[in-house]
Amino acid sequence: MALLTPEDLENINKQLQAADSAVRRVTGLDIKGVCKDFYGTTPCCEKVGIVPVTSGNGIIGSFSESLHAIAGYFGFDSFVTDMPDVSGYYEAVRNGAQIILMADDNTFLAHNLKNGKIANNQPCTGIIYAEIASRYLKTDSKDVLAVGLGKVGFPGAAHFVNKGFRVYGYDADRELLDKTVSSLGIIPFDPVNPDNPGKFSIIFEATPCADTIPESVISENCVISTPGIPCAISKELQRKYGVELIMEPLGIGTASMLYSVL
């Protein structure tokens, strides 16, 4: 979780409300509704223990408090432990937590102690952002552009492939792109190639870079579903093309994790 900053997490409830509105416009459901429908699960009084972790770069300011707000937003009873690390884990279990949320620099996980299910934030985030985009009500196109094919982008691209979409993929790391083409059968996309298929109504972006989506691929009223920070598209291009932007720093991926372990 090292890419997040306290500034990214400011006004998390307001960010979730804005994301809910965007997801409704795209899918007809809110975030909770998409997660419930996709995973086939519903919260039922599960208690979530949030454990701060000090290893690596340490605790991100307001991260645990943001998780507490997110869990409450989606209907879960949650608490943040007073102690961090192993002591915090022990405290969470002693205080009746059924689901543990905790993160270090490399892994953000949800673990359901009751049924043994465990979820990693990276694939859960990629999959739910892809699922939201795949439900776009204003298009019947089966073409998707996936930009960024790493630990979040690869699961998202795979999800589109599994749902029968024709996926065009790009990553600045050529080795990673070639590996994804080989394993998923996606079509390599070259942003400077004039023979590209043109504009897309569905774009999935999962990189840590700004302005990664070229104007040449953006269609009117397209949906761009991006868990990447910073934003993949400028505000000017959003307004120019009427883009439906699905982007939020933490809550959508966390909801996906929680619903996946119920």
# chains A, B, ... in the order shown; residues from 1 in each chain; ligands from 1
>>> residues_around(residues="stretch 62-66 of chain A", least_positions_apart="5", cutoff="9 Å", atoms="only C-alpha atoms", output="number ranges by chain")
A: 4-6, 9-13, 50-52, 71, 79-80, 102, 250-251
>>> select_by_dssp(residues="stretch 97-257 of chain A", states="strand (DSSP E or B)", output="PyMOL selection string")
chain A and resi 99-103+108-112+118-120+143-147+166-170+187-188+200-205+218-225+244-246
>>> closest_residue(among="A:Gly116, A:Pro188, A:Gly49, A:Pro43", to="A:Ala146", atoms="only C-alpha atoms")
A:Pro188
>>> closest_atom_pairs(of="stretch 4-102 of chain A", to="stretch 221-244 of chain A", cutoff="12 Å", atoms="only C-alpha atoms", output="CSV")
residue,atom,partner,partner_atom,distance
A:Leu4,CA,A:Ile229,CA,8.1
A:Thr5,CA,A:Ile229,CA,10.3
A:Glu7,CA,A:Ile229,CA,11.8
A:Asp8,CA,A:Ile229,CA,8.7
A:Leu9,CA,A:Ile229,CA,11.6
A:Ala18,CA,A:Glu244,CA,11.6
A:Ala19,CA,A:Glu244,CA,10.4
A:Ser21,CA,A:Glu244,CA,10.4
A:Ala22,CA,A:Glu244,CA,6.8
A:Val23,CA,A:Glu244,CA,8.8
A:Arg24,CA,A:Glu244,CA,10.6
A:Arg25,CA,A:Glu244,CA,8.1
A:Val26,CA,A:Glu244,CA,7.3
A:Thr27,CA,A:Val223,CA,10.6
>>> select_by_dssp(residues="stretch 13-248 of chain A", states="helix (DSSP H, G or I)", output="PyMOL selection string")
chain A and resi 13-27+31-39+63-73+85-94+121-134+153-162+174-184+215-217+235-241
>>> residues_around(residues="A:Ile132", least_positions_apart="2", cutoff="10 Å", atoms="only C-alpha atoms", output="NGL selection string")
:A and (23-24 or 26-27 or 29-31 or 34-35 or 38 or 127-130 or 134-136 or 223 or 225 or 246)
>>> residues_around(residues="A:Leu184", least_positions_apart="3", cutoff="7 Å", atoms="only C-alpha atoms", output="MDAnalysis selection string")
chainID A and resid 158 180:181
>>> closest_residue(among="A:Gly148, A:Asn120, A:Asn57, A:Ala69", to="A:Ala210", atoms="only C-alpha atoms")
A:Gly148
>>> atom_distance(atom1="atom CA of A:Asp104", atom2="atom CA of A:Ile59")
8.2 Å
>>> closest_atom_pairs(of="stretch 84-190 of chain A", to="stretch 215-219 of chain A", cutoff="12 Å", atoms="only C-alpha atoms", output="JSON lines")
{"residue": "A:Thr139", "atom": "CA", "partner": "A:Ser219", "partner_atom": "CA", "distance": 11.2}
{"residue": "A:Ser141", "atom": "CA", "partner": "A:Ser219", "partner_atom": "CA", "distance": 11.9}
{"residue": "A:Asp143", "atom": "CA", "partner": "A:Val217", "partner_atom": "CA", "distance": 11.7}
{"residue": "A:Val144", "atom": "CA", "partner": "A:Val217", "partner_atom": "CA", "distance": 10.6}
{"residue": "A:Leu145", "atom": "CA", "partner": "A:Val217", "partner_atom": "CA", "distance": 8.6}
{"residue": "A:Ala146", "atom": "CA", "partner": "A:Val217", "partner_atom": "CA", "distance": 11.4}
{"residue": "A:Val147", "atom": "CA", "partner": "A:Val217", "partner_atom": "CA", "distance": 11.4}
{"residue": "A:Tyr168", "atom": "CA", "partner": "A:Val217", "partner_atom": "CA", "distance": 11.4}
{"residue": "A:Phe189", "atom": "CA", "partner": "A:Val217", "partner_atom": "CA", "distance": 10.8}
{"residue": "A:Asp190", "atom": "CA", "partner": "A:Val217", "partner_atom": "CA", "distance": 11.1}
>>> closest_residue(among="A:Val167, A:Cys209, A:Met247, A:Val261", to="A:Gln17", atoms="only C-alpha atoms")
A:Met247
>>> closest_residue(among="A:Cys124, A:Gly169, A:Ala110, A:Asp85", to="A:Ser182", atoms="only C-alpha atoms")
A:Gly169
>>> closest_residue(among="A:Cys45, A:Gly56, A:Gln15, A:His159", to="A:Ala97", atoms="only C-alpha atoms")
A:Cys45
>>> atom_distance(atom1="atom CA of A:Met257", atom2="atom CA of A:Lys114")
15.3 Å
